[in-house]
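J.: My file is protein.txt. It has compact mmCIF, C-alpha atoms:
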# COMPACT_ATOMS: atom_id res chain seq x y z
CA MET A 142 32.93 -40.38 31.22
CA GLY A 143 30.03 -42.75 31.83
CA THR A 144 29.85 -45.39 34.56
CA ARG A 145 30.62 -48.21 32.13
CA SER A 146 33.66 -46.39 30.76
CA ARG A 147 34.94 -45.67 34.27
CA MET A 148 34.57 -49.34 35.22
CA GLN A 149 36.42 -50.44 32.09
CA SER A 150 39.16 -47.92 32.76
CA ALA A 151 39.51 -49.09 36.39
CA ARG A 152 39.66 -52.73 35.28
CA HIS A 153 42.28 -51.86 32.69
CA GLU A 154 44.47 -50.08 35.23
CA SER A 155 44.08 -52.91 37.73
CA LEU A 156 45.08 -55.46 35.08
CA ARG A 157 48.06 -53.37 34.02
CA GLU A 158 49.24 -53.14 37.63
CA ARG A 159 48.84 -56.89 38.16
CA ILE A 160 50.80 -57.65 34.99
CA THR A 161 53.49 -55.20 36.10
CA GLU A 162 53.85 -56.82 39.51
CA GLU A 163 53.80 -60.36 38.13
CA ALA A 164 56.40 -59.52 35.49
CA ALA A 165 58.62 -58.02 38.20
CA ARG A 166 58.16 -61.17 40.29
CA ILE A 167 59.19 -63.34 37.33
CA LEU A 168 62.34 -61.29 36.79
CA ALA A 169 63.23 -61.23 40.49
CA ASP A 170 62.36 -64.79 41.49
CA GLU A 171 62.97 -66.75 38.30
CA GLY A 172 66.12 -64.96 37.23
CA GLY A 173 64.88 -63.67 33.89
CA ARG A 174 66.40 -60.77 31.96
CA ASP A 175 63.97 -60.34 29.08
CA TYR A 176 61.39 -57.71 30.03
CA HIS A 177 59.18 -58.36 27.00
CA LEU A 178 59.08 -62.08 27.68
CA ALA A 179 58.35 -61.46 31.38
CA LYS A 180 55.37 -59.26 30.45
CA ARG A 181 54.01 -61.90 28.10
CA LYS A 182 54.43 -64.62 30.72
CA ALA A 183 52.74 -62.45 33.33
CA ALA A 184 49.77 -61.73 31.06
CA ALA A 185 49.39 -65.44 30.23
CA ARG A 186 49.50 -66.44 33.90
CA LEU A 187 46.74 -63.93 34.57
CA ASN A 188 44.72 -65.41 31.70
CA GLU A 189 45.14 -62.20 29.74
CA SER A 190 47.47 -63.41 27.00
CA GLU A 191 45.63 -61.37 24.37
CA THR A 192 46.03 -58.01 26.08
CA ARG A 193 47.48 -55.41 23.74
CA ASP A 194 48.36 -52.71 26.23
CA LEU A 195 51.17 -54.18 28.29
CA PRO A 196 53.06 -52.06 30.83
CA SER A 197 56.21 -50.30 29.69
CA ASN A 198 59.69 -51.52 30.51
CA GLU A 199 60.07 -48.50 32.78
CA GLU A 200 57.05 -49.62 34.80
CA ILE A 201 58.52 -53.12 35.08
CA GLU A 202 61.92 -51.76 36.10
CA ALA A 203 60.37 -49.63 38.85
CA ALA A 204 58.31 -52.56 40.13
CA LEU A 205 61.39 -54.81 40.02
CA GLY A 206 63.32 -52.32 42.13
CA ARG A 207 60.52 -52.21 44.70
CA ARG A 208 60.25 -55.99 44.83
CA LEU A 209 63.99 -56.53 45.18
CA ALA A 210 64.15 -53.98 47.99
CA LEU A 211 61.17 -55.53 49.79
CA PHE A 212 61.82 -59.25 49.42
CA HIS A 213 65.51 -59.54 48.52
CA GLY A 214 67.05 -56.57 50.28
CA ASP A 215 69.97 -58.21 52.10
CA THR A 216 70.60 -60.70 49.32
CA ARG A 217 70.59 -57.98 46.69
CA THR A 218 72.99 -55.83 48.69
CA ARG A 219 75.52 -58.67 49.00
CA LEU A 220 75.06 -59.73 45.37
CA LEU A 221 75.40 -56.19 44.04
CA SER A 222 78.57 -55.59 46.06
CA GLY A 223 80.07 -58.84 44.80
CA LEU A 224 79.20 -58.06 41.18
CA ARG A 225 80.59 -54.54 41.37
CA GLN A 226 83.80 -55.73 43.02
CA ALA A 227 84.18 -58.36 40.30
CA ALA A 228 83.60 -55.61 37.73
CA LEU A 229 86.43 -53.54 39.25
CA ASP A 230 88.79 -56.53 39.10
CA LEU A 231 87.90 -57.13 35.46
CA MET A 232 88.20 -53.46 34.59
CA SER A 233 91.71 -53.47 36.03
CA LEU A 234 92.54 -56.45 33.83
CA LEU A 235 90.98 -54.80 30.77
CA GLU A 236 92.34 -51.30 31.44
CA ARG A 237 93.91 -50.95 27.98
CA PHE A 238 90.45 -51.43 26.40
CA GLU A 239 88.79 -48.43 28.12
CA PRO A 240 86.25 -50.60 30.01
CA ARG A 241 82.87 -49.32 31.13
CA VAL A 242 80.28 -51.11 33.26
CA ALA A 243 76.69 -51.21 32.00
CA GLY A 244 73.39 -52.95 32.68
CA ALA A 245 72.00 -54.00 36.03
CA LEU A 246 75.20 -53.12 37.90
CA VAL A 247 74.46 -49.48 37.12
CA SER A 248 70.77 -49.46 38.10
CA GLY A 249 71.33 -51.76 41.07
CA ASN A 250 68.41 -54.01 40.11
CA VAL A 251 70.47 -57.19 40.11
CA THR A 252 69.22 -60.76 40.40
CA GLN A 253 71.00 -64.11 40.41
CA ALA A 254 70.78 -64.05 36.59
CA SER A 255 72.52 -60.68 36.24
CA PRO A 256 75.92 -60.83 34.53
CA VAL A 257 78.79 -58.45 34.97
CA GLU A 258 78.32 -56.45 31.75
CA ILE A 259 81.35 -54.56 30.49
CA HIS A 260 81.73 -52.53 27.29
CA VAL A 261 85.23 -52.17 25.85
CA ALA A 262 86.88 -50.46 22.89
CA ALA A 263 89.15 -52.40 20.53
CA ASP A 264 90.22 -52.27 16.90
CA THR A 265 88.72 -55.73 16.38
CA PRO A 266 87.02 -58.36 18.59
CA GLU A 267 90.03 -60.62 17.87
CA GLU A 268 92.27 -58.18 19.73
CA LEU A 269 90.28 -58.79 22.91
CA ARG A 270 90.03 -62.53 22.22
CA PHE A 271 93.82 -62.86 21.99
CA PHE A 272 94.23 -60.84 25.18
CA LEU A 273 91.77 -63.01 27.13
CA ASP A 274 93.20 -66.21 25.64
CA ASP A 275 96.64 -65.14 26.88
CA ALA A 276 95.10 -64.61 30.33
CA GLY A 277 93.87 -68.23 30.25
CA ILE A 278 90.17 -67.35 30.23
CA PRO A 279 87.87 -69.82 28.37
CA LEU A 280 85.52 -67.83 26.14
CA ASN A 281 82.25 -68.23 24.29
CA ASP A 282 81.31 -65.92 21.42
CA MET A 283 78.18 -63.81 21.73
CA GLN A 284 76.37 -61.00 19.95
CA ARG A 285 73.95 -58.42 21.26
CA ASN A 286 71.40 -56.64 19.06
CA LEU A 287 71.56 -53.06 20.33
CA ARG A 288 69.61 -50.00 19.28
CA PHE A 289 71.23 -46.63 18.69
CA GLY A 290 69.92 -43.17 17.86
CA GLY A 291 67.98 -42.89 14.63
CA ASP A 292 66.50 -46.33 15.35
CA ARG A 293 69.66 -48.02 14.08
CA ARG A 294 70.10 -51.66 15.04
CA VAL A 295 73.63 -53.01 15.36
CA LEU A 296 74.85 -56.52 16.17
CA VAL A 297 77.66 -55.88 18.65
CA PRO A 298 80.11 -58.78 19.09
CA GLY A 299 81.44 -59.92 22.42
CA PHE A 300 82.41 -62.78 24.68
CA ARG A 301 80.91 -64.65 27.61
CA PHE A 302 82.94 -66.30 30.34
CA MET A 303 82.83 -67.14 34.02
CA ALA A 304 84.73 -65.31 36.76
CA GLY A 305 84.41 -67.80 39.58
CA ASP A 306 80.66 -68.25 40.00
CA LEU A 307 79.80 -65.00 38.23
CA LYS A 308 78.74 -64.65 34.61
CA VAL A 309 80.57 -62.03 32.59
CA GLU A 310 79.59 -60.50 29.26
CA VAL A 311 82.05 -58.23 27.47
CA LEU A 312 80.78 -56.33 24.42
CA VAL A 313 83.37 -55.03 21.96
CA PHE A 314 82.88 -51.62 20.30
CA SER A 315 85.17 -49.84 17.91
CA HIS A 316 86.94 -46.81 19.39
CA ALA A 317 84.60 -44.52 17.46
CA ALA A 318 81.45 -46.48 18.39
CA MET A 319 82.47 -46.48 22.05
CA ARG A 320 81.78 -42.75 22.14
CA GLU A 321 78.07 -43.31 21.40
CA ALA A 322 76.20 -45.25 24.08
CA PRO A 323 73.50 -47.64 22.83
CA LEU A 324 69.95 -46.93 23.90
CA SER A 325 68.65 -48.50 27.08
CA PRO A 326 65.96 -51.17 26.55
CA VAL A 327 64.25 -49.81 29.67
CA ASP A 328 63.69 -46.13 28.87
CA GLY A 329 65.08 -45.64 25.36
CA HIS A 330 67.66 -43.08 26.53
CA PRO A 331 71.41 -43.49 26.00
CA MET A 332 72.61 -46.29 28.27
CA GLN A 333 74.52 -45.14 31.32
CA ARG A 334 78.03 -46.59 31.45
CA LEU A 335 80.42 -46.22 34.39
CA ASN A 336 84.20 -46.04 34.44
CA TYR A 337 86.41 -47.54 37.13
CA THR A 338 86.31 -44.52 39.44
CA GLU A 339 82.52 -44.31 39.25
CA VAL A 340 82.07 -48.00 40.12
CA GLU A 341 84.60 -47.64 42.93
CA ARG A 342 82.61 -44.69 44.27
CA LEU A 343 79.41 -46.77 44.31
CA LEU A 344 81.13 -49.48 46.34
CA ALA A 345 82.52 -46.95 48.79
What is this structure when it is put down as structure tokens?
T.:
Amino acid sequence: MGTRSRMQSARHESLRERITEEAARILADEGGRDYHLAKRKAAARLNESETRDLPSNEEIEAALGRRLALFHGDTRTRLLSGLRQAALDLMSLLERFEPRVAGALVSGNVTQASPVEIHVAADTPEELRFFLDDAGIPLNDMQRNLRFGGDRRVLVPGFRFMAGDLKVEVLVFSHAAMREAPLSPVDGHPMQRLNYTEVERLLA
């Protein structure tokens, strides 16, 4: 490799690292959840909006974890404990729907924007709606576009609501679909989902 090529390669790696760190800062400090948008924002703020080789979501996730540990350690610990305890309370309420916790509560990379994300199994979304209505919980409809194996895209229905000051998102899968975890937007592997005992173990 010639000198010019080495310099270009070094500049490229430096730029990629700066975009990675800035994207992680955006997610941590501004409460974002969209990794792709954070990367685009980071590139634009570094005057590199036309770059075509953005860091991967895995790189952003790793940088986010480092940043949260370094600058938000105590806050993250308290927030994560509160979110996981809220998840246990909700899982107790939703026990008949085979609840599983997913998202940032599993990885531990939580920010103020992180919701309590729970996946449940039901014959229809209306079954869960009636249950939550009976519990007196005001709901908003939502959908999440999730990717499954074979590059299948599925719009999964669900509901948003507040549990005190915490945001909650419950996604409703059929009993059959619940057995196949959607793919993680971070690494493309099946999303890790935790049952009540596993969340309880993390808190302990």
J.: Using all atoms listed in the file, which of the listed residues (A:Glu258, A:Glu199, A:Glu162, A:Glu267) sits closest to Ala243 of chain A?
T.: A:Glu258
J.: If we count only C-alpha atoms and set the cut-off at 10 Å, which residues sit around Asn250 of chain A, ignoring sequence neighbours fewer than 2 positions away in its own chain? Please answer as a ChimeraX atom specification.
T.: /A:169,202-203,205-210,217-218,221,244-248,252,255
J.: Generate the output file for the selected residues, C-alpha atoms, as a JSON list (two decimals), in the frame of the given file.
T.:
[["chain", "number", "residue", "atom", "x", "y", "z"],
["A", 169, "ALA", "CA", 63.23, -61.23, 40.49],
["A", 202, "GLU", "CA", 61.92, -51.76, 36.10],
["A", 203, "ALA", "CA", 60.37, -49.63, 38.85],
["A", 205, "LEU", "CA", 61.39, -54.81, 40.02],
["A", 206, "GLY", "CA", 63.32, -52.32, 42.13],
["A", 207, "ARG", "CA", 60.52, -52.21, 44.70],
["A", 208, "ARG", "CA", 60.25, -55.99, 44.83],
["A", 209, "LEU", "CA", 63.99, -56.53, 45.18],
["A", 210, "ALA", "CA", 64.15, -53.98, 47.99],
["A", 217, "ARG", "CA", 70.59, -57.98, 46.69],
["A", 218, "THR", "CA", 72.99, -55.83, 48.69],
["A", 221, "LEU", "CA", 75.40, -56.19, 44.04],
["A", 244, "GLY", "CA", 73.39, -52.95, 32.68],
["A", 245, "ALA", "CA", 72.00, -54.00, 36.03],
["A", 246, "LEU", "CA", 75.20, -53.12, 37.90],
["A", 247, "VAL", "CA", 74.46, -49.48, 37.12],
["A", 248, "SER", "CA", 70.77, -49.46, 38.10],
["A", 252, "THR", "CA", 69.22, -60.76, 40.40],
["A", 255, "SER", "CA", 72.52, -60.68, 36.24]]
J.: Quick one: residues within 12 Å of Gly305 of chain A, all atoms listed in the file counted, chain neighbours fewer than 6 positions away excluded, as a ChimeraX atom specification?
T.: /A:223-224,227,231,257,278-279
J.: How many Å separate atom CA of Val309 of chain A from atom CA of His260 of chain A?
T.: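 That distance, rounded to one decimal, is 10.9 Å.
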J.: Between A:Pro256, A:Gly291, A:Pro196, A:Pro266, which residue has the minimum interatomic distance to Asp306 of chain A, considering only C-alpha atoms?
T.: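 Smallest distance to Asp306 of chain A is found for A:Pro256.
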J.: Could you give me, as a PyMOL selection string, the residues within 10 Å of Leu168 of chain A, counting all atoms listed in the file and dropping anything in the same chain fewer than 3 positions from it?
T.: chain A and resi 162-165+171-176+178-180+201-202+205+208-209+251-254
J.: Between atom CA of Phe272 of chain A and atom CA of His316 of chain A, measure the distance and give it in Å to one decimal.
T.: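 Separating atom CA of Phe272 of chain A from atom CA of His316 of chain A is a distance of 16.8 Å.
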